[in-house]
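Just final-v2.txt here, compact mmCIF, C-alpha atoms:
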# COMPACT_ATOMS: atom_id res chain seq x y z
CA MET A 1 0.83 7.61 -28.33
CA ILE A 2 2.12 5.93 -25.17
CA GLU A 3 3.66 2.60 -26.13
CA ASP A 4 4.55 1.15 -22.74
CA PHE A 5 4.48 1.68 -19.02
CA ASP A 6 6.99 4.32 -17.94
CA VAL A 7 7.55 4.65 -14.20
CA GLY A 8 9.73 7.72 -14.74
CA SER A 9 6.97 9.72 -16.43
CA ASP A 10 4.48 11.97 -14.63
CA TRP A 11 1.49 10.35 -16.36
CA HIS A 12 2.39 6.85 -15.18
CA VAL A 13 1.12 7.30 -11.63
CA ALA A 14 -1.05 10.40 -11.99
CA SER A 15 -3.20 9.44 -14.97
CA PRO A 16 -2.47 6.18 -16.77
CA TYR A 17 -6.13 5.53 -17.54
CA PRO A 18 -6.36 6.27 -21.28
CA PHE A 19 -3.34 3.99 -21.75
CA LEU A 20 -4.83 1.24 -19.57
CA ALA A 21 -8.19 1.51 -21.35
CA ARG A 22 -6.43 0.88 -24.69
CA LEU A 23 -4.69 -2.15 -23.22
CA ARG A 24 -7.96 -3.59 -21.88
CA ALA A 25 -9.61 -3.14 -25.27
CA GLU A 26 -6.76 -4.12 -27.59
CA ARG A 27 -4.04 -5.99 -25.65
CA PRO A 28 -5.47 -7.33 -22.39
CA VAL A 29 -2.33 -9.43 -21.93
CA PHE A 30 0.43 -6.93 -22.59
CA ARG A 31 4.15 -7.63 -22.66
CA SER A 32 5.84 -4.58 -21.05
CA GLU A 33 9.50 -4.20 -21.93
CA HIS A 34 9.79 -1.38 -19.40
CA LEU A 35 8.58 -3.54 -16.50
CA GLY A 36 10.03 -6.78 -17.82
CA ALA A 37 6.64 -8.36 -17.20
CA TYR A 38 3.37 -9.40 -18.75
CA VAL A 39 0.49 -7.21 -17.57
CA LEU A 40 -3.09 -8.36 -16.98
CA THR A 41 -5.47 -5.40 -17.23
CA ARG A 42 -9.06 -6.72 -17.25
CA HIS A 43 -10.92 -7.10 -13.96
CA ALA A 44 -11.95 -10.71 -14.63
CA ASP A 45 -8.38 -11.75 -15.51
CA VAL A 46 -6.79 -9.95 -12.54
CA ARG A 47 -9.32 -11.48 -10.14
CA ALA A 48 -8.87 -14.95 -11.63
CA ALA A 49 -5.07 -14.72 -11.36
CA TYR A 50 -5.28 -13.66 -7.70
CA GLY A 51 -7.51 -16.68 -7.14
CA ASP A 52 -5.13 -19.11 -8.86
CA PRO A 53 -1.92 -19.29 -6.75
CA ARG A 54 -0.91 -22.55 -8.40
CA ARG A 55 -0.44 -20.94 -11.82
CA PHE A 56 0.34 -17.41 -10.59
CA SER A 57 2.81 -17.84 -7.75
CA SER A 58 3.54 -15.16 -5.14
CA LYS A 59 6.91 -16.64 -4.25
CA GLY A 60 9.49 -13.85 -4.52
CA SER A 61 7.01 -11.56 -6.25
CA LEU A 62 7.32 -8.49 -4.01
CA THR A 63 11.00 -7.80 -4.34
CA ILE A 64 12.43 -6.13 -7.42
CA SER A 65 15.99 -6.99 -6.43
CA ARG A 66 16.59 -7.79 -10.11
CA SER A 67 16.88 -4.00 -10.55
CA LEU A 68 19.60 -3.72 -7.89
CA THR A 69 23.25 -3.44 -8.95
CA ARG A 70 25.75 -6.13 -8.05
CA GLU A 71 27.42 -3.70 -5.59
CA THR A 72 24.10 -3.06 -3.83
CA ARG A 73 23.32 -6.78 -3.65
CA ASP A 74 26.75 -7.41 -2.14
CA ARG A 75 26.10 -4.68 0.44
CA LEU A 76 22.77 -6.27 1.37
CA GLY A 77 24.19 -9.81 1.51
CA GLU A 78 21.58 -12.26 2.80
CA HIS A 79 19.04 -9.42 3.02
CA GLY A 80 18.93 -8.90 -0.74
CA SER A 81 15.94 -11.20 -0.81
CA PHE A 82 14.17 -9.27 1.95
CA LEU A 83 10.47 -10.13 2.14
CA SER A 84 11.23 -13.62 0.87
CA SER A 85 9.21 -15.02 3.77
CA PHE A 86 6.60 -12.29 4.12
CA VAL A 87 3.02 -13.59 4.01
CA ALA A 88 2.17 -11.87 0.69
CA ASN A 89 5.35 -13.17 -0.90
CA VAL A 90 4.94 -16.93 -0.41
CA ASP A 91 2.63 -19.73 -1.51
CA PRO A 92 0.86 -22.42 0.53
CA PRO A 93 1.70 -24.20 2.80
CA ASP A 94 4.00 -21.45 4.17
CA HIS A 95 1.36 -18.85 3.38
CA THR A 96 -1.31 -20.76 5.30
CA ARG A 97 0.90 -21.01 8.39
CA LEU A 98 2.01 -17.34 8.29
CA ARG A 99 -1.47 -15.97 7.69
CA ARG A 100 -2.90 -18.02 10.54
CA SER A 101 -0.33 -16.50 12.90
CA VAL A 102 -0.83 -12.92 11.75
CA SER A 103 -4.61 -13.19 11.85
CA ARG A 104 -4.47 -13.63 15.62
CA ALA A 105 -3.64 -9.93 15.90
CA PHE A 106 -6.37 -8.77 13.50
CA THR A 107 -9.49 -10.16 15.12
CA PRO A 108 -12.66 -8.06 14.70
CA ARG A 109 -12.47 -7.16 18.39
CA ALA A 110 -8.85 -6.01 18.12
CA VAL A 111 -9.57 -3.92 15.02
CA ALA A 112 -12.64 -2.33 16.62
CA ALA A 113 -10.58 -1.42 19.70
CA MET A 114 -8.19 0.53 17.47
CA GLU A 115 -10.97 2.74 16.11
CA GLU A 116 -11.28 4.88 19.23
CA ARG A 117 -7.51 5.16 19.55
CA PHE A 118 -7.22 6.28 15.92
CA ARG A 119 -10.08 8.77 16.33
CA ARG A 120 -8.32 10.30 19.35
CA LEU A 121 -5.04 10.58 17.42
CA ASN A 122 -6.82 12.51 14.65
CA GLU A 123 -8.60 14.77 17.14
CA ASP A 124 -5.34 15.53 18.96
CA LEU A 125 -3.57 16.35 15.71
CA LEU A 126 -6.34 18.73 14.64
CA ASP A 127 -6.28 20.43 18.05
CA ARG A 128 -2.70 21.43 17.18
CA ILE A 129 -3.03 22.01 13.43
CA GLY A 130 -6.50 23.60 13.30
CA PRO A 131 -5.53 27.16 14.30
CA ARG A 132 -2.95 27.33 11.49
CA ARG A 133 -5.65 27.51 8.78
CA ALA A 134 -3.28 26.01 6.18
CA ALA A 135 -1.02 22.97 5.84
CA ASP A 136 0.62 20.46 3.55
CA PHE A 137 -1.92 17.67 3.96
CA VAL A 138 0.63 14.95 3.19
CA ARG A 139 3.29 16.15 5.62
CA ASP A 140 1.18 17.71 8.39
CA ILE A 141 -2.13 15.81 8.53
CA GLY A 142 -2.30 12.59 6.54
CA HIS A 143 0.55 10.57 8.01
CA GLU A 144 0.88 11.21 11.73
CA PRO A 145 -2.24 9.45 13.11
CA SER A 146 -1.64 6.32 11.03
CA ILE A 147 2.05 6.24 11.93
CA LYS A 148 1.26 6.56 15.63
CA LEU A 149 -1.51 3.95 15.53
CA THR A 150 0.73 1.48 13.71
CA ALA A 151 3.64 2.16 16.07
CA ARG A 152 1.47 1.47 19.12
CA PHE A 153 0.02 -1.65 17.51
CA ILE A 154 3.50 -3.00 16.70
CA GLY A 155 5.06 -1.82 19.96
CA VAL A 156 7.44 0.83 18.59
CA PRO A 157 8.25 3.38 21.33
CA GLU A 158 7.04 6.91 20.58
CA ALA A 159 10.62 8.20 20.62
CA ASP A 160 11.45 5.91 17.67
CA GLU A 161 8.53 6.86 15.38
CA ASP A 162 10.50 9.36 13.28
CA PHE A 163 13.37 6.89 12.84
CA VAL A 164 10.97 4.18 11.69
CA GLN A 165 9.10 6.46 9.29
CA ALA A 166 12.31 7.64 7.59
CA HIS A 167 13.73 4.15 7.26
CA VAL A 168 10.49 2.57 6.05
CA LYS A 169 10.41 5.18 3.28
CA ASP A 170 13.97 4.23 2.36
CA TRP A 171 13.30 0.50 2.14
CA PHE A 172 10.20 1.10 0.05
CA GLN A 173 12.32 3.08 -2.41
CA LEU A 174 15.07 0.48 -2.42
CA PHE A 175 12.91 -2.56 -3.18
CA LEU A 176 9.83 -1.15 -4.90
CA SER A 177 11.00 1.89 -6.86
CA PRO A 178 13.92 1.89 -9.35
CA GLN A 179 16.88 3.98 -8.14
CA PRO A 180 20.26 5.02 -9.60
CA PRO A 181 23.30 3.02 -8.37
CA GLY A 182 24.63 5.60 -5.90
CA ARG A 183 21.24 6.11 -4.31
CA GLN A 184 20.77 2.33 -4.07
CA LEU A 185 23.86 2.06 -1.86
CA GLU A 186 22.64 4.87 0.42
CA LEU A 187 19.25 3.22 0.76
CA ALA A 188 20.84 -0.18 1.37
CA GLY A 189 22.75 1.26 4.33
CA SER A 190 19.58 2.78 5.73
CA PHE A 191 17.72 -0.49 5.23
CA LEU A 192 20.34 -2.51 7.14
CA ASP A 193 20.11 -0.01 10.03
CA TYR A 194 16.35 -0.49 10.01
CA LEU A 195 16.58 -4.29 10.06
CA ASP A 196 18.98 -4.05 12.99
CA TYR A 197 16.40 -1.90 14.81
CA VAL A 198 13.57 -4.40 14.23
CA ASP A 199 15.88 -7.25 15.30
CA ARG A 200 16.55 -5.44 18.58
CA LEU A 201 12.83 -4.77 19.09
CA VAL A 202 12.07 -8.48 18.68
CA ALA A 203 14.87 -9.41 21.09
CA ALA A 204 13.57 -6.90 23.67
CA ARG A 205 10.02 -8.30 23.49
CA ALA A 206 11.33 -11.87 23.76
CA LYS A 207 12.86 -10.87 27.12
CA GLU A 208 9.99 -8.68 28.33
CA PRO A 209 6.71 -9.26 26.46
CA ARG A 210 4.10 -6.51 26.34
CA ASP A 211 0.59 -6.20 24.96
CA ASP A 212 1.60 -5.56 21.35
CA PHE A 213 1.95 -7.28 17.96
CA THR A 214 5.72 -7.79 18.28
CA SER A 215 5.32 -9.63 21.58
CA LEU A 216 2.53 -11.81 20.17
CA MET A 217 4.55 -12.77 17.09
CA THR A 218 7.77 -13.22 19.08
CA SER A 219 5.96 -15.70 21.33
CA LEU A 220 5.40 -17.89 18.25
CA ILE A 221 9.10 -18.10 17.27
CA GLY A 222 10.22 -21.72 17.31
CA THR A 223 6.72 -23.18 17.13
CA GLU A 224 4.90 -21.41 14.27
CA LEU A 225 7.31 -18.75 13.02
CA THR A 226 11.01 -18.11 12.48
CA HIS A 227 12.84 -15.02 13.72
CA ARG A 228 13.24 -13.76 10.16
CA GLU A 229 9.53 -14.20 9.44
CA VAL A 230 8.67 -12.10 12.49
CA VAL A 231 11.09 -9.34 11.42
CA GLU A 232 9.59 -9.27 7.93
CA LEU A 233 6.00 -9.25 9.22
CA ILE A 234 6.73 -6.30 11.50
CA SER A 235 8.60 -4.44 8.77
CA THR A 236 5.84 -4.80 6.23
CA ILE A 237 2.99 -3.84 8.57
CA LEU A 238 5.02 -0.75 9.43
CA LEU A 239 5.17 0.00 5.68
CA GLY A 240 1.37 -0.17 5.43
CA GLY A 241 0.83 2.17 8.35
CA ASN A 242 3.62 4.56 7.48
CA ASP A 243 2.99 4.69 3.75
CA THR A 244 0.10 2.89 2.06
CA VAL A 245 -2.76 3.95 4.37
CA PRO A 246 -1.66 7.62 4.54
CA ASN A 247 -1.20 7.65 0.75
CA GLN A 248 -4.77 6.42 0.31
CA LEU A 249 -6.06 9.14 2.62
CA GLY A 250 -4.21 11.82 0.64
CA ASN A 251 -5.53 10.47 -2.67
CA THR A 252 -9.04 10.33 -1.20
CA VAL A 253 -9.06 13.88 0.16
CA LEU A 254 -7.74 15.24 -3.15
CA ARG A 255 -10.47 13.41 -5.04
CA LEU A 256 -13.25 14.60 -2.72
CA LEU A 257 -12.05 18.21 -2.88
CA ARG A 258 -11.79 18.14 -6.68
CA GLU A 259 -15.29 16.67 -6.92
CA ASN A 260 -16.74 19.31 -4.55
CA ALA A 261 -17.83 16.41 -2.32
CA TRP A 262 -16.28 17.72 0.91
CA PRO A 263 -17.26 17.21 3.66
CA VAL A 264 -18.88 13.84 3.09
CA ASP A 265 -22.22 13.14 4.78
CA PRO A 266 -21.37 10.59 7.54
CA ALA A 267 -24.00 8.20 6.15
CA ARG A 268 -22.12 8.12 2.81
CA ILE A 269 -18.55 7.94 4.11
CA GLN A 270 -18.20 4.16 3.84
CA ASN A 271 -19.19 4.02 0.17
CA ALA A 272 -17.32 7.23 -0.65
CA ALA A 273 -14.16 5.65 0.77
CA GLU A 274 -14.62 2.55 -1.41
CA GLU A 275 -15.20 4.68 -4.53
CA CYS A 276 -12.05 6.68 -3.76
CA MET A 277 -10.05 3.47 -3.33
CA ARG A 278 -11.45 2.30 -6.65
CA ILE A 279 -10.74 5.42 -8.66
CA ASP A 280 -7.50 6.54 -6.91
CA GLY A 281 -6.10 3.40 -5.30
CA ALA A 282 -2.87 3.71 -3.33
CA SER A 283 -1.91 0.21 -4.46
CA LEU A 284 -1.52 -0.24 -8.23
CA GLY A 285 -1.19 -4.00 -8.37
CA SER A 286 0.82 -7.07 -7.45
CA PHE A 287 3.46 -9.11 -9.21
CA ARG A 288 3.27 -12.87 -9.68
CA TYR A 289 5.36 -15.51 -11.43
CA ALA A 290 3.74 -17.86 -13.93
CA THR A 291 4.50 -21.43 -12.83
CA THR A 292 3.47 -22.91 -16.18
CA ASP A 293 2.65 -21.64 -19.65
CA VAL A 294 -0.63 -19.72 -19.42
CA THR A 295 -2.56 -18.77 -22.56
CA LEU A 296 -5.01 -15.87 -22.25
CA HIS A 297 -6.68 -13.94 -25.07
CA GLY A 298 -4.40 -15.60 -27.61
CA VAL A 299 -1.18 -14.68 -25.78
CA THR A 300 0.96 -17.31 -24.08
CA ILE A 301 2.68 -16.19 -20.87
CA PRO A 302 5.67 -18.53 -20.59
CA ALA A 303 6.46 -20.44 -17.40
CA GLY A 304 8.76 -18.38 -15.15
CA ALA A 305 7.60 -15.03 -16.56
CA LEU A 306 6.87 -12.12 -14.25
CA VAL A 307 3.22 -10.98 -14.38
CA LEU A 308 1.75 -7.72 -13.09
CA LEU A 309 -1.85 -8.00 -11.92
CA SER A 310 -2.95 -4.42 -12.55
CA THR A 311 -5.58 -3.71 -9.91
CA ASP A 312 -5.42 -0.07 -11.03
CA SER A 313 -6.65 -1.05 -14.48
CA ALA A 314 -9.14 -3.58 -13.08
CA ALA A 315 -10.73 -0.83 -10.97
CA HIS A 316 -11.39 1.17 -14.14
CA ASP A 317 -12.73 -1.73 -16.20
CA GLU A 318 -15.84 -0.39 -17.94
CA THR A 319 -17.44 -3.83 -18.07
CA VAL A 320 -17.60 -3.87 -14.25
CA PHE A 321 -17.77 -0.15 -13.40
CA PRO A 322 -19.88 1.81 -15.92
CA ASP A 323 -18.34 5.20 -16.79
CA PRO A 324 -15.26 4.28 -14.72
CA GLU A 325 -13.51 7.65 -14.91
CA ARG A 326 -16.46 9.38 -13.24
CA PHE A 327 -16.55 9.61 -9.45
CA VAL A 328 -19.89 8.27 -8.24
CA ILE A 329 -20.12 8.66 -4.47
CA ASP A 330 -22.91 6.09 -4.15
CA ARG A 331 -21.70 3.67 -6.85
CA PRO A 332 -23.40 0.42 -5.84
CA ASN A 333 -20.43 -1.87 -6.52
CA ALA A 334 -17.56 0.49 -5.59
CA ASP A 335 -16.15 -2.13 -3.22
CA ALA A 336 -15.62 -4.57 -6.11
CA HIS A 337 -12.20 -2.97 -6.64
CA LEU A 338 -9.24 -5.28 -5.97
CA VAL A 339 -7.02 -2.83 -4.07
CA PHE A 340 -6.67 -5.31 -1.18
CA GLY A 341 -6.12 -8.26 -3.50
CA TYR A 342 -8.39 -11.29 -3.65
CA GLY A 343 -8.47 -14.91 -2.54
CA ILE A 344 -5.86 -16.30 -0.17
CA HIS A 345 -3.77 -13.14 -0.47
CA PHE A 346 -6.57 -10.73 0.42
CA CYS A 347 -4.81 -8.15 2.62
CA VAL A 348 -4.86 -9.25 6.25
CA GLY A 349 -4.96 -5.60 7.33
CA ALA A 350 -7.84 -4.61 5.01
CA ALA A 351 -10.37 -4.14 7.81
CA LEU A 352 -7.97 -1.89 9.71
CA GLY A 353 -7.10 0.10 6.57
CA ARG A 354 -10.78 0.65 5.79
CA LEU A 355 -11.49 1.63 9.38
CA GLN A 356 -8.69 4.21 9.34
CA LEU A 357 -9.88 5.75 6.08
CA ARG A 358 -13.50 6.02 7.24
CA THR A 359 -12.54 7.38 10.67
CA ALA A 360 -10.16 9.99 9.24
CA LEU A 361 -12.80 11.21 6.77
CA GLU A 362 -15.39 11.50 9.55
CA VAL A 363 -13.11 13.45 11.93
CA LEU A 364 -11.56 15.66 9.22
CA GLY A 365 -14.93 16.44 7.68
CA ARG A 366 -16.36 17.46 11.04
CA ARG A 367 -13.32 19.45 12.19
CA LEU A 368 -12.32 21.00 8.85
CA PRO A 369 -15.59 21.42 6.90
CA THR A 370 -14.17 24.32 4.85
CA LEU A 371 -11.08 22.37 3.72
CA ARG A 372 -10.05 23.34 0.18
CA LEU A 373 -7.08 23.12 -2.18
CA VAL A 374 -4.71 26.06 -2.37
CA SER A 375 -5.23 27.39 -5.89
CA GLY A 376 -2.30 27.39 -8.26
CA GLU A 377 -0.30 24.74 -6.41
CA PRO A 378 0.80 21.86 -8.70
CA ILE A 379 -0.27 18.31 -7.85
CA ALA A 380 2.70 15.93 -7.95
CA TYR A 381 2.83 12.19 -7.30
CA ARG A 382 5.70 10.08 -6.07
CA ARG A 383 7.04 7.72 -8.71
CA SER A 384 6.62 4.04 -8.03
CA ILE A 385 5.91 0.76 -9.77
CA VAL A 386 3.32 -0.43 -7.27
CA GLY A 387 1.99 2.58 -5.35
CA ARG A 388 0.21 5.90 -5.86
CA GLY A 389 0.85 8.66 -3.37
CA LEU A 390 1.11 12.43 -3.41
CA ALA A 391 4.44 14.13 -2.78
CA ALA A 392 2.60 17.12 -1.26
CA LEU A 393 -0.90 18.63 -1.13
CA ALA A 394 -1.34 22.29 -0.14
CA VAL A 395 -4.67 22.86 1.64
CA GLU A 396 -6.32 25.63 3.63
CA TRP A 397 -9.51 26.04 5.64
Could you express the structure from this file as structure tokens?
Amino acid sequence: MIEDFDVGSDWHVASPYPFLARLRAERPVFRSEHLGAYVLTRHADVRAAYGDPRRFSSKGSLTISRSLTRETRDRLGEHGSFLSSFVANVDPPDHTRLRRSVSRAFTPRAVAAMEERFRRLNEDLLDRIGPRRAADFVRDIGHEPSIKLTARFIGVPEADEDFVQAHVKDWFQLFLSPQPPGRQLELAGSFLDYLDYVDRLVAARAKEPRDDFTSLMTSLIGTELTHREVVELISTILLGGNDTVPNQLGNTVLRLLRENAWPVDPARIQNAAEECMRIDGASLGSFRYATTDVTLHGVTIPAGALVLLSTDSAAHDETVFPDPERFVIDRPNADAHLVFGYGIHFCVGAALGRLQLRTALEVLGRRLPTLRLVSGEPIAYRRSIVGRGLAALAVEW
């Protein structure tokens, strides 16, 4: 029997659901020694905690710098608390100010304008990849359009896309995935190079603004935002486009292929995407800090304790989603998952993430209707505390 979370085990990311079901039934507030946190697993509790920033604070909740060695923290210096001022990592009133600034770039009109650009990026990629008849979906198909869209949105020059992708991966590993001491130092060096790059990008746009997110945010430095806040906003949106969105697409395509649901009828794509986010979410949850003693289901979470809001478990809560382990392409409440959070911290890029997933499924389904898994190839996931993504996915058509 599995006694605790175990990030180093294959089951932890690939299939934690029997374990999470036991927690929901028997220990809905679970003290995890492995994570050093209390874990909320029921949908109602996770949703309520997201909606209660006074008792469940976001301040400092994204970084896991507590797992970094003293040597690594010394190497990082002031950047050891990176993300300390990112919008998802602060409480009101700072959160209110930051979110208001960021939202200027994510208007419905701006998001809609990105749809055609993203569609073209997918079409162009398939023009090149299509004749090959086989690929690693993760490496060759899933990432490039999202990376390019995000780079253009931010204002990253095309020549720098590979640099950004490699370094974003490194900082994700450093802060959000436990690493051995030697590897931590390597990643810390990479991360500092990356921060220097974003700093220079901000400085360049301050001198010569363009029609991009970096220029818009840079124009607010000194009135609404600080320089550091702008660097952290840019860095984290680059993480979403370079990592989280492509991971969700990979998870989604694997699920649809396994369920013999490929290609998806265009009329059902929107709900299919929501059901795939529910059953195979790329985001597994968010950390919070209890600001006061909180008693739930007979367990007292002490003030100052770290709390994991397990959106992964919430999305499989049988009281909200009947028969939760079964993929139901037209599940009526599929979008009640909490992958994008809830309340004031609902993901500011959710509309863009959903648009990308729907658009990719439409283009891929039309262009590669015979897509299938290569038989006999193992399915392996990257190991992470907060994310689910495939290391590789061999496909052919």
Sorted per-residue table, stretch 247-275 of chain A near stretch 133-139 of chain A, closest atoms and distance, 10 Å, all atoms listed in the file, as CSV:
residue,atom,partner,partner_atom,distance
A:Asn247,CA,A:Val138,CA,7.9
A:Leu249,CA,A:Val138,CA,8.9
A:Gly250,CA,A:Val138,CA,6.3
A:Asn251,CA,A:Val138,CA,9.6
A:Val253,CA,A:Phe137,CA,8.9
A:Leu254,CA,A:Phe137,CA,9.5
When you count only C-alpha atoms, which of these residues is closest to A:Leu35: A:Ala305, A:Asn271, A:Asp124, A:Pro92?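 Of the candidates, the smallest distance to A:Leu35 is held by A:Ala305.
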Residue contacts of A:Leu23 (12 Å, all atoms listed in the file) excluding same-chain residues fewer than 2 positions away, as an MDAnalysis selection string: chainID A and resid 2:5 16:21 25:32 38:42 310 313:314 316:317
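You will find atom CA of A:Gln248 at 4.9 Å from atom CA of A:Ala282.
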Tell me which protein, DNA and RNA residues are within 12 Å of A:Glu396, counting all atoms listed in the file, leaving out same-chain ones fewer than 2 positions away, and put them as a VMD selection string. chain A and resid 129 to 137 140 to 141 257 368 to 375 377 393 to 394
Which neighbours of A:Pro302 fall inside 8 Å, counting only C-alpha atoms, when residues of the same chain fewer than 2 positions from it are skipped, and could you give them as a PyMOL selection string? chain A and resi 290+292-294+300+304-305
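Here atom CA of A:Leu220 stands at a distance of 27.3 Å from atom CA of A:Leu355.
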Separating atom CA of A:Leu357 from atom CA of A:Leu390, to the nearest tenth of an Å, is a gap of 16.0 Å
Nearest to A:Glu33: which of A:Val198, A:Ala166, A:Val156, A:Leu306 is it, counting only C-alpha atoms?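 Once distances to A:Glu33 are computed over only C-alpha atoms, the minimum belongs to A:Leu306.
Near A:Asp193, within 12 Å and counting all atoms listed in the file, sit Leu76, His79, Phe163, Val164, Ala166, His167, Val168, Asp170, Trp171, Glu186, Leu187, Ala188, Gly189, Ser190, Phe191, Leu195, Asp196, Tyr197, Val198, Asp199 and Arg200 of chain A; same-chain residues fewer than 2 positions away were not included.
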Write out as a ChimeraX atom specification which residues come within 9 Å of A:Ile279 when counting only C-alpha atoms, dropping same-chain ones fewer than 4 positions away. /A:255,274-275,312,315-316,324-327,334,337
Would you output that residue set with C-alpha atoms, as a short mmCIF file (atom, residue, chain, number, x, y, z; two decimals), in the coordinates of the input?
data_model
loop_
_atom_site.label_atom_id
_atom_site.label_comp_id
_atom_site.auth_asym_id
_atom_site.auth_seq_id
_atom_site.Cartn_x
_atom_site.Cartn_y
_atom_site.Cartn_z
CA ARG A 255 -10.47 13.41 -5.04
CA GLU A 274 -14.62 2.55 -1.41
CA GLU A 275 -15.20 4.68 -4.53
CA ASP A 312 -5.42 -0.07 -11.03
CA ALA A 315 -10.73 -0.83 -10.97
CA HIS A 316 -11.39 1.17 -14.14
CA PRO A 324 -15.26 4.28 -14.72
CA GLU A 325 -13.51 7.65 -14.91
CA ARG A 326 -16.46 9.38 -13.24
CA PHE A 327 -16.55 9.61 -9.45
CA ALA A 334 -17.56 0.49 -5.59
CA HIS A 337 -12.20 -2.97 -6.64
#
Closest to A:Gly36 among A:Tyr194, A:Phe118, A:Tyr289, A:Trp397, using all atoms listed in the file?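 Between A:Tyr194, A:Phe118, A:Tyr289, A:Trp397, the residue approaching A:Gly36 most closely is A:Tyr289.
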Using all atoms listed in the file, pick whichever of A:Ile329, A:Ser283, A:Arg120, A:Ile385 has the shortest atom-to-atom distance to A:Leu256.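 Looking at the shortest contact to A:Leu256, the residue is A:Ile329.
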A:Phe175, A:Phe287, A:Phe321, A:Phe346 ranked by distance to A:Ala37, top pick (using only C-alpha atoms): A:Phe287
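Residue nearest A:Ile237, chosen from A:Val102, A:Leu296, A:Leu185, A:Ile344 and counting all atoms listed in the file: A:Val102.
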